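S.K.: What follows is a structure written as structure tokens; I'll ask about it next.
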There are 2 protein chains.
Amino acid sequence: MNKIVLAVDLGGTNLRMAAVSDDGAILSHARMPTPRDGGPSALIDALEALAAECRAGLAESQKIAAIGIGAPANVGPQHGILKNLPNLPQLEGMDLKGGLTERFQIPVTLENDATAAAIGENWLGASRNVKDSIMVTLGTGVGGGVILNNEPIRGIDGTAGKIGHICVEPDGVPCKCGSHGCIEQYASATALVRMAKEAGLDVANSFDVYKLAQSGDAAALSVFEKMGRYLGITLAGLVNLLNPEMIIIGGGAAASWDAFIDHVRSELHARAFDEPANRAQIVRSELPDNAGILGAAKSALMIDNL
Amino acid sequence: MNKIVLAVDLGGTNLRMAAVSDDGAILSHARMPTPRDGGPSALIDALEALAAECRAGLAESQKIAAIGIGAPANVGPQHGILKNLPNLPQLEGMDLKGGLTERFQIPVTLENDATAAAIGENWLGASRNVKDSIMVTLGTGVGGGVILNNEPIRGIDGTAGKIGHICVEPDGVPCKCGSHGCIEQYASATALVRMAKEAGLDVANSFDVYKLAQSGDAAALSVFEKMGRYLGITLAGLVNLLNPEMIIIGGGAAASWDAFIDHVRSELHARAFDEPANRAQIVRSELPDNAGILGAAKSALMIDNL
């Protein structure tokens with residue numbers, strides 16, 4: 001019989017859960033807004049309610065073996081503590097792994113959300129046939145996950161993968177991380193909107209910028225040119241450093257793919273060495289909605305002797 | 001009895017060889033200028049002469065089990081072909097592994113020289129007690145080697161580790177790699193001399209710049225401030241990306257350590273996240289002359305069933 005785990009995508013806005021079998025099938029799912037009040041205990045209660053909903057979609061014989069969580073936080077492989085959650089400050093320092101293990105009495109894994117997305121793509125998505133890949137998510141911020149030899153790189157403190165805070169412009173736009181000129185300030189959905197407004201455009205979100213670019217608006221086109229150039233600089237550095245087989249671009253702003261990807265590719269090839277630049281396939285996420293939840297599931301399924 | 005290998009440091013100027021035992025002892029060594037003429041066959045002949053010299057320093061009973069080479073080239077773990085050697089163009093495309101295996105009839109390994117230096121430090125030097133480390137060599141260029149979980153990261157084509165060609169200034173100084181503003185253009189020994197000359201100083205090498213800085217020369221001090229700031233930007237990106245335990249700085253320009261390291265550290269801490277920045281020890285190479293040769297030896301000693 002297949003093993004089944006509960007996978008959690010803990011987002012700043014939504015809390016999603018799915019029951020996932022070890023062949024990657026999503027058997028049932030449930031969601032609610034992420035609790036803003038009540039701190040850690042409200043989150044545990046919410047996860048218990050979602051678990052009951054997910055279990056209701058399963059047969060009696062289908063037991064849950066473990067829980068896997070992806071969270072927008074620094075989390076080490078051996079740690080279960082949420083650290084550095086700018087969008088969920090009420091959970092800072094929470095022992096989520098310990099709390100859930102106590103409540104559910106089954107093993108729990110915790111991954112950074114971008115790392116989880118990279119694991120999900122490596123399991124069932126764009127990078128399923130390659131060993132070395134890098135996932136870049138262009139959302140509110142720019143996230144990253146690195147997979148080498150089919151293993152996620154977490155770093156000794158679980159903070160690895162912060163591609164969004166690689167500098168591309170030493171005296172550039174201030175970043176909330178404290179640095180200046182991070183790629184997040186030029187290639188996130190948030191940055192697209194900021195750069196469009198700076199160019200005098202009336203936009204509410206990155207898709208508005210994309211629609212203007214599609215209609216041929218020169219200012220919108222130049223926003224994507226700038227965004228693509230800076231993203232290409234970052235990817236060139238990653239290609240020179242890691243010589244990966246694939247770079248996967250996901251997140252909301254990846255919907256503007258055809259407005260920026262040619263700029264990314266031309267900048268990458270202008271800057272990186274030919275051999276690794278020609279090797280690295282630059283592709284879109286194949287699991288845009290479920291990469292994180294499937295990666296969280298895979299992490300739980302990888303627990304020894306599950 | 002200890003296993004013994006011959007380790008080779010193939011440099012642009014000198015060709016060095018040592019007989020190294022599996023406890024890291026250098027039992028004998030020999031060197032000569034790297035042959036400039038005669039191409040691949042001259043190199044094989046030179047290595048045979050050095051091997052005879054190294055063997056003369058060993059007892060009759062001490063047999064050579066393998067040969068490990070570090071070369072300033074792109075070399076994949078499964079490949080033995082020298083590719084992309086700007087300083088040794090006469091060897092471009094040479095099957096060094098095949099040629100040596102045929103001549104010596106023992107197994108041969110081939111590593112990029114900066115990767116070999118990182119392996120050497122991880123075996124016997126600064127990073128011997130950590131699992132995740134990054135080596136940065138400040139020489140004619142800027143080289144790099146990444147070790148994660150005690151394994152060197154070579155990349156699928158053997159081109160990984162090109163830290164010197166991470167961009168720190170998008171429209172900066174042109175680099176021979178074809179890009180602009182690579183860290184190599186600000187932090188190599190070559191760059192220190194160029195920046196010092198731009199500042200009107202009369203210097204022949206990076207040590208001259210260092211001596212001027214030590215004497216309090218304002219222009220020399222500002223060269224090191226600029227160099228340290230850019231190197232700090234690069235290291236901040238690496239710290240955010242990989243969350244390593246240690247970054248080791250070697251190469252000839254590391255001799256100017258106390259002129260630049262405070263600038264590196266302050267820029268790193270201003271830009272990287274606190275947790276990984278506080279984790280990453282920034283240290284000097286402990287094997288400045290032998291890191292590469294010992295790393296090449298270690299690679300050969302790691303051959304299965306040697």
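Order determines the names: the first chain of the structure tokens is A, the second B, and so forth; residues in each chain are numbered 1 upward, and ligands are numbered 1 upward as they are shown.
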Please find the residues of chain B near chain A - the criterion being any atom within 8 Å, counting only C-alpha atoms - and write them as a VMD selection string.
M.R.: chain B and resid 132 153 to 163 165 to 170 177 to 180 233 to 234 236 to 245 270 to 273 275 to 276
S.K.: What's the 10 Å shell around B:Gly292, counting only C-alpha atoms, without same-chain residues fewer than 2 positions away, as a list in words?
M.R.: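 Contacts, in chain order: Ala7, Val8, Asp9, Leu10, Ile69, Gly70, Ala71, Glu111, Asn112, Asp113, Ala114, Thr115, Ala116, Ala117, Ala118, Ile119, Gly120, Glu121, Leu287, Pro288, Asp289, Asn290, Leu294, Gly295, Ala296, Ala297 and Lys298 of chain B.
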S.K.: Excluding B:Phe260 and any residue of its chain fewer than 5 positions from it, enumerate the residues within 7 Å of it, using only C-alpha atoms, and give them as a list in words.
M.R.: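 The contact residues come out as Phe224, Glu225 and Gly228 of chain B.
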S.K.: Write out, as an mmCIF file, in the first residue's frame, the residues just selected, with N, CA and C atoms.
M.R.:
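Produced file out-v3.cif, reproduced below:
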data_model
loop_
_atom_site.group_PDB
_atom_site.id
_atom_site.type_symbol
_atom_site.label_atom_id
_atom_site.label_comp_id
_atom_site.auth_asym_id
_atom_site.auth_seq_id
_atom_site.Cartn_x
_atom_site.Cartn_y
_atom_site.Cartn_z
ATOM 1 N N PHE B 224 42.609 49.279 -1.250
ATOM 2 C CA PHE B 224 42.200 48.107 -0.472
ATOM 3 C C PHE B 224 40.767 48.245 0.061
ATOM 4 N N GLU B 225 40.360 49.486 0.315
ATOM 5 C CA GLU B 225 38.973 49.694 0.755
ATOM 6 C C GLU B 225 38.008 49.289 -0.355
ATOM 7 N N GLY B 228 38.192 45.474 -0.808
ATOM 8 C CA GLY B 228 37.516 44.786 0.292
ATOM 9 C C GLY B 228 36.014 44.930 0.215
#
S.K.: Hey, which of A:Ser127, A:Met227, A:Ile183, A:Ser215 ends up closest to A:Gly143? Count only C-alpha atoms.
M.R.: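 The answer is A:Ile183, which sits nearest to A:Gly143.
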S.K.: Would you compute the distance between atom CA of A:Gly12 and atom CA of A:Gly39? Give it in Å to one decimal.
M.R.: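 Between atom CA of A:Gly12 and atom CA of A:Gly39 the gap is 13.3 Å.
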S.K.: Mind pulling up the distance from atom CA of B:Ala204 to atom CA of B:Leu221?
M.R.: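 These two atoms are separated by 16.6 Å.
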S.K.: For B:Asn87, list every protein, DNA or RNA residue within 10 Å, evaluated using only C-alpha atoms, and leave out those in the same chain fewer than 5 positions away; present the list as a list of chain:residue names.
M.R.: B:Gly11, B:Gly12, B:Thr13, B:Pro72, B:Ala73, B:Glu92
S.K.: Output C-alpha atoms for every residue in the selection just made, as an mmCIF file, in the first residue's frame.
M.R.:
data_model
loop_
_atom_site.group_PDB
_atom_site.id
_atom_site.type_symbol
_atom_site.label_atom_id
_atom_site.label_comp_id
_atom_site.auth_asym_id
_atom_site.auth_seq_id
_atom_site.Cartn_x
_atom_site.Cartn_y
_atom_site.Cartn_z
ATOM 1 C CA GLY B 11 50.615 25.977 -13.151
ATOM 2 C CA GLY B 12 50.954 28.567 -15.872
ATOM 3 C CA THR B 13 54.587 29.118 -14.826
ATOM 4 C CA PRO B 72 43.891 25.675 -14.287
ATOM 5 C CA ALA B 73 41.142 24.259 -16.497
ATOM 6 C CA GLU B 92 43.706 23.106 -24.910
#
S.K.: Using DSSP assignments from the backbone, pull out every residue in stretch 43-264 of chain A that falls under strand (DSSP E or B) and give it to me as a ChimeraX atom specification.
M.R.: /A:64-71,74,81,83,95,108-112,133-138,142-148,151-152,167,174,180,182,246-250
S.K.: Once you have the residues from the selection above, write them out as a tab-separated table (two decimals), in the first residue's frame, restricted to N, CA and C atoms.
M.R.:
chain	number	residue	atom	x	y	z
A	64	ILE	N	-2.34	8.32	7.83
A	64	ILE	CA	-1.35	9.37	7.61
A	64	ILE	C	-0.05	8.98	8.33
A	65	ALA	N	1.06	8.93	7.57
A	65	ALA	CA	2.33	8.47	8.15
A	65	ALA	C	3.16	9.60	8.73
A	66	ALA	N	2.99	10.82	8.20
A	66	ALA	CA	3.85	11.93	8.62
A	66	ALA	C	3.25	13.24	8.10
A	67	ILE	N	3.82	14.34	8.56
A	67	ILE	CA	3.41	15.66	8.09
A	67	ILE	C	4.64	16.39	7.57
A	68	GLY	N	4.53	17.01	6.39
A	68	GLY	CA	5.61	17.82	5.85
A	68	GLY	C	5.13	19.25	5.67
A	69	ILE	N	5.94	20.21	6.08
A	69	ILE	CA	5.54	21.62	6.03
A	69	ILE	C	6.54	22.42	5.22
A	70	GLY	N	6.04	23.31	4.39
A	70	GLY	CA	6.86	24.34	3.77
A	70	GLY	C	6.46	25.68	4.36
A	71	ALA	N	7.44	26.44	4.83
A	71	ALA	CA	7.15	27.71	5.52
A	71	ALA	C	8.08	28.81	5.02
A	74	ASN	N	13.46	30.55	7.78
A	74	ASN	CA	14.72	29.81	7.85
A	74	ASN	C	14.49	28.58	8.71
A	81	ILE	N	12.20	24.97	14.32
A	81	ILE	CA	11.86	26.30	14.81
A	81	ILE	C	11.70	27.25	13.62
A	83	LYS	N	12.11	30.68	12.03
A	83	LYS	CA	12.91	31.87	12.27
A	83	LYS	C	12.86	32.77	11.06
A	95	ASP	N	8.15	26.65	17.79
A	95	ASP	CA	8.62	25.28	17.54
A	95	ASP	C	7.49	24.52	16.84
A	108	VAL	N	7.27	14.80	11.80
A	108	VAL	CA	7.02	16.08	11.10
A	108	VAL	C	8.34	16.57	10.51
A	109	THR	N	8.29	17.06	9.26
A	109	THR	CA	9.46	17.74	8.67
A	109	THR	C	9.09	19.18	8.34
A	110	LEU	N	10.10	20.02	8.34
A	110	LEU	CA	9.89	21.45	8.09
A	110	LEU	C	10.93	21.91	7.08
A	111	GLU	N	10.47	22.54	6.01
A	111	GLU	CA	11.38	23.06	4.98
A	111	GLU	C	11.07	24.53	4.71
A	112	ASN	N	12.07	25.27	4.31
A	112	ASN	CA	11.84	26.59	3.72
A	112	ASN	C	10.95	26.42	2.49
A	133	SER	N	19.79	21.44	-10.06
A	133	SER	CA	18.90	22.50	-10.55
A	133	SER	C	18.77	23.60	-9.51
A	134	ILE	N	18.35	24.75	-10.02
A	134	ILE	CA	18.14	25.91	-9.16
A	134	ILE	C	16.73	26.43	-9.44
A	135	MET	N	15.97	26.63	-8.38
A	135	MET	CA	14.61	27.18	-8.51
A	135	MET	C	14.65	28.64	-8.07
A	136	VAL	N	14.08	29.51	-8.89
A	136	VAL	CA	13.97	30.92	-8.54
A	136	VAL	C	12.49	31.28	-8.58
A	137	THR	N	11.96	31.79	-7.48
A	137	THR	CA	10.54	32.16	-7.45
A	137	THR	C	10.42	33.68	-7.41
A	138	LEU	N	9.67	34.20	-8.39
A	138	LEU	CA	9.47	35.64	-8.51
A	138	LEU	C	8.08	35.97	-7.99
A	142	VAL	N	11.87	37.56	-4.04
A	142	VAL	CA	12.50	36.56	-4.90
A	142	VAL	C	13.06	35.47	-3.99
A	143	GLY	N	12.57	34.25	-4.17
A	143	GLY	CA	13.04	33.13	-3.36
A	143	GLY	C	13.89	32.20	-4.18
A	144	GLY	N	14.55	31.29	-3.49
A	144	GLY	CA	15.42	30.37	-4.21
A	144	GLY	C	15.58	29.05	-3.51
A	145	GLY	N	15.83	28.03	-4.32
A	145	GLY	CA	16.13	26.70	-3.78
A	145	GLY	C	17.15	26.05	-4.69
A	146	VAL	N	18.16	25.44	-4.10
A	146	VAL	CA	19.23	24.82	-4.87
A	146	VAL	C	19.22	23.31	-4.61
A	147	ILE	N	19.23	22.54	-5.68
A	147	ILE	CA	19.29	21.08	-5.58
A	147	ILE	C	20.57	20.61	-6.28
A	148	LEU	N	21.44	19.95	-5.56
A	148	LEU	CA	22.66	19.40	-6.16
A	148	LEU	C	22.68	17.90	-5.91
A	151	GLU	N	19.85	16.47	-3.98
A	151	GLU	CA	19.69	16.81	-2.57
A	151	GLU	C	19.53	18.32	-2.41
A	152	PRO	N	18.54	18.77	-1.64
A	152	PRO	CA	18.43	20.22	-1.40
A	152	PRO	C	19.59	20.73	-0.55
A	167	CYS	N	23.41	40.57	-4.53
A	167	CYS	CA	23.46	41.97	-4.98
A	167	CYS	C	23.74	42.05	-6.48
A	174	PRO	N	17.37	50.31	-1.95
A	174	PRO	CA	17.45	49.71	-0.62
A	174	PRO	C	16.50	48.52	-0.51
A	180	HIS	N	21.57	46.81	-0.25
A	180	HIS	CA	21.12	47.64	-1.37
A	180	HIS	C	21.29	46.84	-2.66
A	182	CYS	N	19.69	44.37	-4.07
A	182	CYS	CA	19.41	42.92	-4.18
A	182	CYS	C	18.55	42.66	-5.42
A	246	MET	N	19.83	22.96	-14.94
A	246	MET	CA	18.56	23.64	-15.18
A	246	MET	C	18.33	24.74	-14.16
A	247	ILE	N	17.73	25.83	-14.64
A	247	ILE	CA	17.21	26.86	-13.74
A	247	ILE	C	15.72	26.98	-14.01
A	248	ILE	N	14.92	26.83	-12.96
A	248	ILE	CA	13.46	26.87	-13.08
A	248	ILE	C	12.97	28.18	-12.51
A	249	ILE	N	12.14	28.88	-13.27
A	249	ILE	CA	11.60	30.15	-12.80
A	249	ILE	C	10.11	29.96	-12.51
A	250	GLY	N	9.72	30.26	-11.28
A	250	GLY	CA	8.32	30.16	-10.88
A	250	GLY	C	7.88	31.42	-10.15
S.K.: Give the answer as one residue: which of A:Val130, A:Met302, A:Leu47, A:Val264 has the shortest atom-to-atom distance to A:Ala187, using only C-alpha atoms?
M.R.: A:Val264
S.K.: Among the residues of stretch 55-303 of chain B, find those DSSP assigns to helix (DSSP H, G or I) from the backbone and print them as an NGL selection string.
M.R.: :B and (55-56 or 89-91 or 96-104 or 113-124 or 163-165 or 184-187 or 189-198 or 206-214 or 218-242 or 252-271 or 274-279 or 291-301)
S.K.: For A:Gly99, please output as an MDAnalysis selection string all residues within 10 Å (counting only C-alpha atoms; exclusion window: fewer than 2 positions along the same chain).
M.R.: chainID A and resid 40:41 43:44 80:81 94:97 101:105 108
